[in-house]
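**Student:** Quick one: this structure, given as structure tokens, is what I'll be asking you about.
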Amino acid sequence: MGNNEYMQNAVTGWMVPHGEHSDIVMSTRIRLARNLRGFRFPIAFSDEQAEEIGKLVSDALLNGGKTGYAYTRMSDLKALGRQTLVEKHLISPQLADAVHYGAVLLSEDETVSIMVNEEDHLRIQCIYPGLQLENAYRKADETDNLLESRLPYAFDEEFGYLTSCPSNTGTGMRASVMVHLPALTMTKQINRIIPAVSRLGMVVRGSYGEGSEAPGNVYQVSNQLTLGKSEKEILAELANIVSRIIVHERKSRELLLGRSRLSLENRVFRALGTLSYARLLPSAEAARCLSDVRLGIDLGLIEDVDMNILNELMVFMQSGFLQNFEGGELTAEELDSSRAKLIRERLRQRAADGEPHPDEP
Amino acid sequence: MLCENCKERPVSVILKQETPGGPVERNLCDQCAFNLQTFSVNPNQEPMSIQQFLSQWLTGEAVQPQALEAQVMPECPECGLTFHRFLEIGKFGCPVCYETFRERLPRVFGKLHNGSTVHRGKIPASFNEKMAIKKQIEFLRISMQDAIQTERFEQAAVLRDEIKEWKRKLSAGPEEGGAADGE
């Protein structure tokens, strides 16, 4: 059906489970903040300056034949189109709000996105699946070098790359790793890990939504400091912390499986049941069930479901995607119904691919 | 069940809160939940925003001299941002702000970046090249002076031409190297 095709087209590079530790690490993202000399930052610039920056950047990247980038102004997109890009993590909510002057340059495979006139003139972002800090940084660095050779960067010997917010000054780099930590969350160890990590100059927070809640037990671990350390040092420290978190998560999973296998099985299969048959699925419940099912897959309890179910459906079940798919605005109940249908159909695929599903006609 | 705060109205809100001592669940009516403002930011829970942080830092430490200082506070010639306003909004207005507030910034960065005040990461290639050329010119100039002093005029002429060549490269380079060139 159209449903599958729509989702196939919407799957972007980072959602495919590849790369190291892809049972726990969902994706790796590098973001570099850059600005152009001679222009005020977006917080204070004029419309003319905004226009000029957009032109400079697109010329720098698009001139000279094959580049593989597509330039899209926020003003050319409908609100839903912008929201969809946010839900795919290709642009930030802030850029989506910059309707008048924001733009994005997307690479063909959507691994690199360059946001123009977000908080800074340029935000180079590179997302890879799994744990690939070095690869993602290399790609971002290459893109940065290319842009730098054609644009007058604002750089200072003492302070490094000059950014609008002092919390980005220096390397302008934010490296983050998205991790699925169901066992650490179930055993509440995550509450001890979060403050410990913050003492090391890193942050752990929920990856979807705001605040300390982490829907789907998906967290984002990222560096907080950008000044006084080189990119390499920051990446090494982050890699170190993430690998320690991974070890903890694995240990907790084993512990849960060893101590309470039956109740764990009960939990993951109930979740699978809910996702397979529910007619109304609020997003919080869907996220919880997706996380449980994914855990079941990782532990080998559930065998006939794709492991990228969590990566993909956490994105596709969001309201922008659903409304885009249904082709219009939806009420809360319609959203829950559309979400339930989407997930049901996605799960039925496994039945079509593998053994027949007994209960679905 | 009645609201655990007012003990009058029925419970309609179950509030789960992450506290340092573990998660706490409170059963409240919607009115109490709203009035208690537990929905608003809990300082123990949310990392402080930079804006909050900077303005608290300012009001906390500079309450007295604030009025006086406001008059001598530097103002960015490019975008008009004052240092005072910078602390309020927590954002720079343009790259020139860094130059304008340079002397005051180490204190700001030190607090934000765990004591660090100087960049140790990547340097743009063009900026690096330019620094290298400038150093080279300086070195050649000293050698030339030395040659003139010791009356080795032929060598001085060679050095002069070499300096000229480097200067030409410097001005032909891809734009300027960086904001701190001081040109």
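Ligands are numbered from 1 in the order shown, residues from 1 within each chain, and chains are lettered A, B, ... in the order they appear in the structure tokens.
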Please determine the contact residues of chain A with respect to chain B at a cut-off of 6 Å, counting only C-alpha atoms, and supply them as an MDAnalysis selection string.

**Tutor:** chainID A and resid 40:41 44 154:156 158:160 164:165 170:171 225 227:231

**Student:** Applying 6 Å and only C-alpha atoms, which residues near segment 262-278 of chain A remain after dropping the ones on its own chain fewer than 6 positions away? List them as number ranges by chain.

**Tutor:** A: 289, 292-293, 296, 344

**Student:** Can you work out the spacing between atom CA of Gln318 of chain A and atom CA of Glu345 of chain A in Å, to one decimal?

**Tutor:**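 Distance between the two atoms: 15.9 Å.
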
**Student:** When DSSP is applied to the backbone of this structure, which of segment 131-345 of chain A are assigned strand (DSSP E)? Write them out as a list in words.

**Tutor:**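 Taking segment 131-345 of chain A and keeping strand (DSSP E) gives Phe155, Asp156, Gly160, Tyr161, Met173, Arg174, Ala175, Ser176, Val177, Met178, Val179, His180, Met202, Val203, Val204, Arg205, Gly206, Val218, Tyr219, Gln220, Val221, Ser222 and Asn223 of chain A.
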
**Student:** Using N, CA, C and O atoms, can you export the residues from the last selection as a JSON list (two decimals), in the first residue's frame?

**Tutor:**
```json
[["chain", "number", "residue", "atom", "x", "y", "z"],
["A", 155, "PHE", "N", 36.41, 33.79, 12.90],
["A", 155, "PHE", "CA", 37.27, 32.98, 13.76],
["A", 155, "PHE", "C", 38.20, 33.90, 14.52],
["A", 155, "PHE", "O", 38.64, 34.93, 14.00],
["A", 156, "ASP", "N", 38.49, 33.56, 15.73],
["A", 156, "ASP", "CA", 39.34, 34.39, 16.57],
["A", 156, "ASP", "C", 40.42, 33.51, 17.19],
["A", 156, "ASP", "O", 40.13, 32.40, 17.62],
["A", 160, "GLY", "N", 38.44, 31.08, 19.21],
["A", 160, "GLY", "CA", 38.05, 30.05, 18.24],
["A", 160, "GLY", "C", 36.91, 30.50, 17.34],
["A", 160, "GLY", "O", 36.83, 31.67, 16.98],
["A", 161, "TYR", "N", 36.03, 29.57, 17.03],
["A", 161, "TYR", "CA", 34.90, 29.89, 16.17],
["A", 161, "TYR", "C", 33.91, 30.73, 16.96],
["A", 161, "TYR", "O", 33.52, 30.35, 18.07],
["A", 173, "MET", "N", 31.36, 22.85, 18.41],
["A", 173, "MET", "CA", 30.94, 21.46, 18.15],
["A", 173, "MET", "C", 30.05, 20.88, 19.25],
["A", 173, "MET", "O", 30.37, 20.97, 20.43],
["A", 174, "ARG", "N", 28.95, 20.30, 18.84],
["A", 174, "ARG", "CA", 28.15, 19.50, 19.76],
["A", 174, "ARG", "C", 28.11, 18.10, 19.17],
["A", 174, "ARG", "O", 27.64, 17.92, 18.05],
["A", 175, "ALA", "N", 28.65, 17.15, 19.90],
["A", 175, "ALA", "CA", 28.62, 15.76, 19.44],
["A", 175, "ALA", "C", 27.62, 15.03, 20.31],
["A", 175, "ALA", "O", 27.67, 15.14, 21.53],
["A", 176, "SER", "N", 26.68, 14.33, 19.70],
["A", 176, "SER", "CA", 25.73, 13.61, 20.54],
["A", 176, "SER", "C", 25.44, 12.21, 20.02],
["A", 176, "SER", "O", 25.47, 11.96, 18.83],
["A", 177, "VAL", "N", 25.18, 11.35, 20.98],
["A", 177, "VAL", "CA", 24.94, 9.95, 20.67],
["A", 177, "VAL", "C", 23.58, 9.59, 21.25],
["A", 177, "VAL", "O", 23.29, 9.86, 22.41],
["A", 178, "MET", "N", 22.72, 9.03, 20.39],
["A", 178, "MET", "CA", 21.38, 8.68, 20.82],
["A", 178, "MET", "C", 21.38, 7.21, 21.25],
["A", 178, "MET", "O", 21.73, 6.34, 20.45],
["A", 179, "VAL", "N", 21.02, 6.95, 22.50],
["A", 179, "VAL", "CA", 21.10, 5.59, 23.02],
["A", 179, "VAL", "C", 19.76, 5.12, 23.57],
["A", 179, "VAL", "O", 18.99, 5.89, 24.13],
["A", 180, "HIS", "N", 19.49, 3.84, 23.37],
["A", 180, "HIS", "CA", 18.27, 3.23, 23.89],
["A", 180, "HIS", "C", 18.63, 2.49, 25.18],
["A", 180, "HIS", "O", 19.38, 1.52, 25.14],
["A", 202, "MET", "N", 29.52, 16.44, 30.39],
["A", 202, "MET", "CA", 28.64, 15.91, 29.35],
["A", 202, "MET", "C", 27.20, 15.98, 29.87],
["A", 202, "MET", "O", 26.97, 16.13, 31.07],
["A", 203, "VAL", "N", 26.24, 15.85, 28.97],
["A", 203, "VAL", "CA", 24.84, 15.86, 29.39],
["A", 203, "VAL", "C", 24.11, 14.64, 28.86],
["A", 203, "VAL", "O", 24.37, 14.20, 27.75],
["A", 204, "VAL", "N", 23.19, 14.13, 29.68],
["A", 204, "VAL", "CA", 22.28, 13.08, 29.22],
["A", 204, "VAL", "C", 20.87, 13.63, 29.32],
["A", 204, "VAL", "O", 20.49, 14.15, 30.37],
["A", 205, "ARG", "N", 20.13, 13.57, 28.25],
["A", 205, "ARG", "CA", 18.72, 13.98, 28.36],
["A", 205, "ARG", "C", 17.86, 13.17, 27.41],
["A", 205, "ARG", "O", 18.38, 12.49, 26.52],
["A", 206, "GLY", "N", 16.55, 13.25, 27.63],
["A", 206, "GLY", "CA", 15.63, 12.54, 26.76],
["A", 206, "GLY", "C", 15.81, 13.03, 25.33],
["A", 206, "GLY", "O", 16.04, 14.20, 25.10],
["A", 218, "VAL", "N", 14.78, 6.55, 25.09],
["A", 218, "VAL", "CA", 15.85, 6.98, 24.20],
["A", 218, "VAL", "C", 16.46, 8.25, 24.77],
["A", 218, "VAL", "O", 15.75, 9.24, 25.02],
["A", 219, "TYR", "N", 17.75, 8.20, 25.00],
["A", 219, "TYR", "CA", 18.46, 9.33, 25.59],
["A", 219, "TYR", "C", 19.52, 9.85, 24.64],
["A", 219, "TYR", "O", 19.98, 9.13, 23.74],
["A", 220, "GLN", "N", 19.90, 11.09, 24.89],
["A", 220, "GLN", "CA", 20.95, 11.67, 24.08],
["A", 220, "GLN", "C", 22.10, 12.04, 25.01],
["A", 220, "GLN", "O", 21.90, 12.74, 25.99],
["A", 221, "VAL", "N", 23.29, 11.56, 24.70],
["A", 221, "VAL", "CA", 24.47, 11.91, 25.49],
["A", 221, "VAL", "C", 25.30, 12.86, 24.64],
["A", 221, "VAL", "O", 25.63, 12.55, 23.50],
["A", 222, "SER", "N", 25.61, 14.05, 25.17],
["A", 222, "SER", "CA", 26.38, 14.99, 24.36],
["A", 222, "SER", "C", 27.35, 15.80, 25.21],
["A", 222, "SER", "O", 27.23, 15.87, 26.42],
["A", 223, "ASN", "N", 28.32, 16.41, 24.52],
["A", 223, "ASN", "CA", 29.29, 17.24, 25.24],
["A", 223, "ASN", "C", 28.66, 18.59, 25.55],
["A", 223, "ASN", "O", 27.86, 19.10, 24.79]]
```

**Student:** Using atom CA of Gln136 of chain B and atom CA of Ile148 of chain B as the two end points, give the distance in Å to one decimal.

**Tutor:**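 Atom CA of Gln136 of chain B sits 18.3 Å away from atom CA of Ile148 of chain B.
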
**Student:** Using DSSP on the backbone coordinates, identify all residues within segment 72-112 of chain B classified as alpha helix (DSSP H); present the result as a PyMOL selection string.

**Tutor:** chain B and resi 72+83-89+95-100+105-112

**Student:** Write out, as a PDB file, in the first residue's frame, the residues just selected, with N, CA and C atoms.

**Tutor:**
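The resulting file, out.pdb, is reproduced below:
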```pdb
ATOM      1  N   VAL B  72      29.699  52.956  31.906  1.00  0.00           N
ATOM      2  CA  VAL B  72      30.976  52.754  31.219  1.00  0.00           C
ATOM      3  C   VAL B  72      31.002  51.409  30.491  1.00  0.00           C
ATOM      4  N   PHE B  83      27.368  45.382  26.984  1.00  0.00           N
ATOM      5  CA  PHE B  83      27.776  44.202  27.744  1.00  0.00           C
ATOM      6  C   PHE B  83      26.663  43.804  28.716  1.00  0.00           C
ATOM      7  N   HIS B  84      26.021  44.831  29.245  1.00  0.00           N
ATOM      8  CA  HIS B  84      24.905  44.615  30.156  1.00  0.00           C
ATOM      9  C   HIS B  84      23.807  43.781  29.489  1.00  0.00           C
ATOM     10  N   ARG B  85      23.458  44.213  28.298  1.00  0.00           N
ATOM     11  CA  ARG B  85      22.405  43.534  27.536  1.00  0.00           C
ATOM     12  C   ARG B  85      22.851  42.107  27.170  1.00  0.00           C
ATOM     13  N   PHE B  86      24.133  41.965  26.876  1.00  0.00           N
ATOM     14  CA  PHE B  86      24.671  40.642  26.559  1.00  0.00           C
ATOM     15  C   PHE B  86      24.430  39.688  27.724  1.00  0.00           C
ATOM     16  N   LEU B  87      24.683  40.183  28.943  1.00  0.00           N
ATOM     17  CA  LEU B  87      24.477  39.324  30.106  1.00  0.00           C
ATOM     18  C   LEU B  87      22.998  38.991  30.278  1.00  0.00           C
ATOM     19  N   GLU B  88      22.147  39.953  29.911  1.00  0.00           N
ATOM     20  CA  GLU B  88      20.713  39.708  30.044  1.00  0.00           C
ATOM     21  C   GLU B  88      20.223  38.630  29.081  1.00  0.00           C
ATOM     22  N   ILE B  89      20.586  38.777  27.811  1.00  0.00           N
ATOM     23  CA  ILE B  89      20.048  37.842  26.824  1.00  0.00           C
ATOM     24  C   ILE B  89      20.926  36.607  26.643  1.00  0.00           C
ATOM     25  N   PRO B  95      29.907  39.011  15.359  1.00  0.00           N
ATOM     26  CA  PRO B  95      31.286  38.604  15.664  1.00  0.00           C
ATOM     27  C   PRO B  95      32.119  39.716  16.315  1.00  0.00           C
ATOM     28  N   VAL B  96      31.801  40.972  15.996  1.00  0.00           N
ATOM     29  CA  VAL B  96      32.579  42.087  16.548  1.00  0.00           C
ATOM     30  C   VAL B  96      32.383  42.228  18.061  1.00  0.00           C
ATOM     31  N   CYS B  97      31.247  41.744  18.572  1.00  0.00           N
ATOM     32  CA  CYS B  97      31.002  41.780  20.023  1.00  0.00           C
ATOM     33  C   CYS B  97      32.168  41.143  20.795  1.00  0.00           C
ATOM     34  N   TYR B  98      32.713  40.069  20.247  1.00  0.00           N
ATOM     35  CA  TYR B  98      33.806  39.371  20.908  1.00  0.00           C
ATOM     36  C   TYR B  98      35.000  40.307  21.098  1.00  0.00           C
ATOM     37  N   GLU B  99      35.259  41.105  20.047  1.00  0.00           N
ATOM     38  CA  GLU B  99      36.360  42.064  20.100  1.00  0.00           C
ATOM     39  C   GLU B  99      36.030  43.142  21.136  1.00  0.00           C
ATOM     40  N   THR B 100      34.799  43.627  21.087  1.00  0.00           N
ATOM     41  CA  THR B 100      34.372  44.717  21.963  1.00  0.00           C
ATOM     42  C   THR B 100      34.461  44.328  23.438  1.00  0.00           C
ATOM     43  N   LEU B 105      35.413  38.786  28.637  1.00  0.00           N
ATOM     44  CA  LEU B 105      34.904  37.469  28.257  1.00  0.00           C
ATOM     45  C   LEU B 105      35.536  36.277  28.979  1.00  0.00           C
ATOM     46  N   PRO B 106      36.837  36.337  29.280  1.00  0.00           N
ATOM     47  CA  PRO B 106      37.397  35.166  29.975  1.00  0.00           C
ATOM     48  C   PRO B 106      36.599  34.780  31.213  1.00  0.00           C
ATOM     49  N   ARG B 107      36.070  35.787  31.910  1.00  0.00           N
ATOM     50  CA  ARG B 107      35.292  35.480  33.114  1.00  0.00           C
ATOM     51  C   ARG B 107      34.003  34.744  32.759  1.00  0.00           C
ATOM     52  N   VAL B 108      33.374  35.209  31.698  1.00  0.00           N
ATOM     53  CA  VAL B 108      32.125  34.566  31.245  1.00  0.00           C
ATOM     54  C   VAL B 108      32.399  33.131  30.804  1.00  0.00           C
ATOM     55  N   PHE B 109      33.415  32.987  29.950  1.00  0.00           N
ATOM     56  CA  PHE B 109      33.721  31.653  29.410  1.00  0.00           C
ATOM     57  C   PHE B 109      34.189  30.716  30.512  1.00  0.00           C
ATOM     58  N   GLY B 110      34.980  31.252  31.429  1.00  0.00           N
ATOM     59  CA  GLY B 110      35.473  30.430  32.528  1.00  0.00           C
ATOM     60  C   GLY B 110      34.321  29.758  33.271  1.00  0.00           C
ATOM     61  N   LYS B 111      33.253  30.542  33.487  1.00  0.00           N
ATOM     62  CA  LYS B 111      32.106  29.991  34.211  1.00  0.00           C
ATOM     63  C   LYS B 111      31.334  28.988  33.365  1.00  0.00           C
ATOM     64  N   LEU B 112      31.240  29.279  32.069  1.00  0.00           N
ATOM     65  CA  LEU B 112      30.444  28.406  31.197  1.00  0.00           C
ATOM     66  C   LEU B 112      31.184  27.137  30.816  1.00  0.00           C
TER      67      LEU B 112
END
```

**Student:** Mind checking which residues fall within 9 Å of segment 331-334 of chain A, counting only C-alpha atoms, ignoring those fewer than 6 positions away in the same chain, and posting them as a list in words?

**Tutor:**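 These residues fall inside the cut-off: Leu280, Leu281 and Pro282 of chain A.
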
**Student:** Selection from above, C-alpha atoms, as a PDB file, in the first residue's frame, can you write it?

**Tutor:**
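The new file result.pdb reads:
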```pdb
ATOM      1  CA  LEU A 280      -5.890   3.881  19.485  1.00  0.00           C
ATOM      2  CA  LEU A 281      -2.286   4.496  20.471  1.00  0.00           C
ATOM      3  CA  PRO A 282      -1.296   7.670  22.299  1.00  0.00           C
TER       4      PRO A 282
END
```
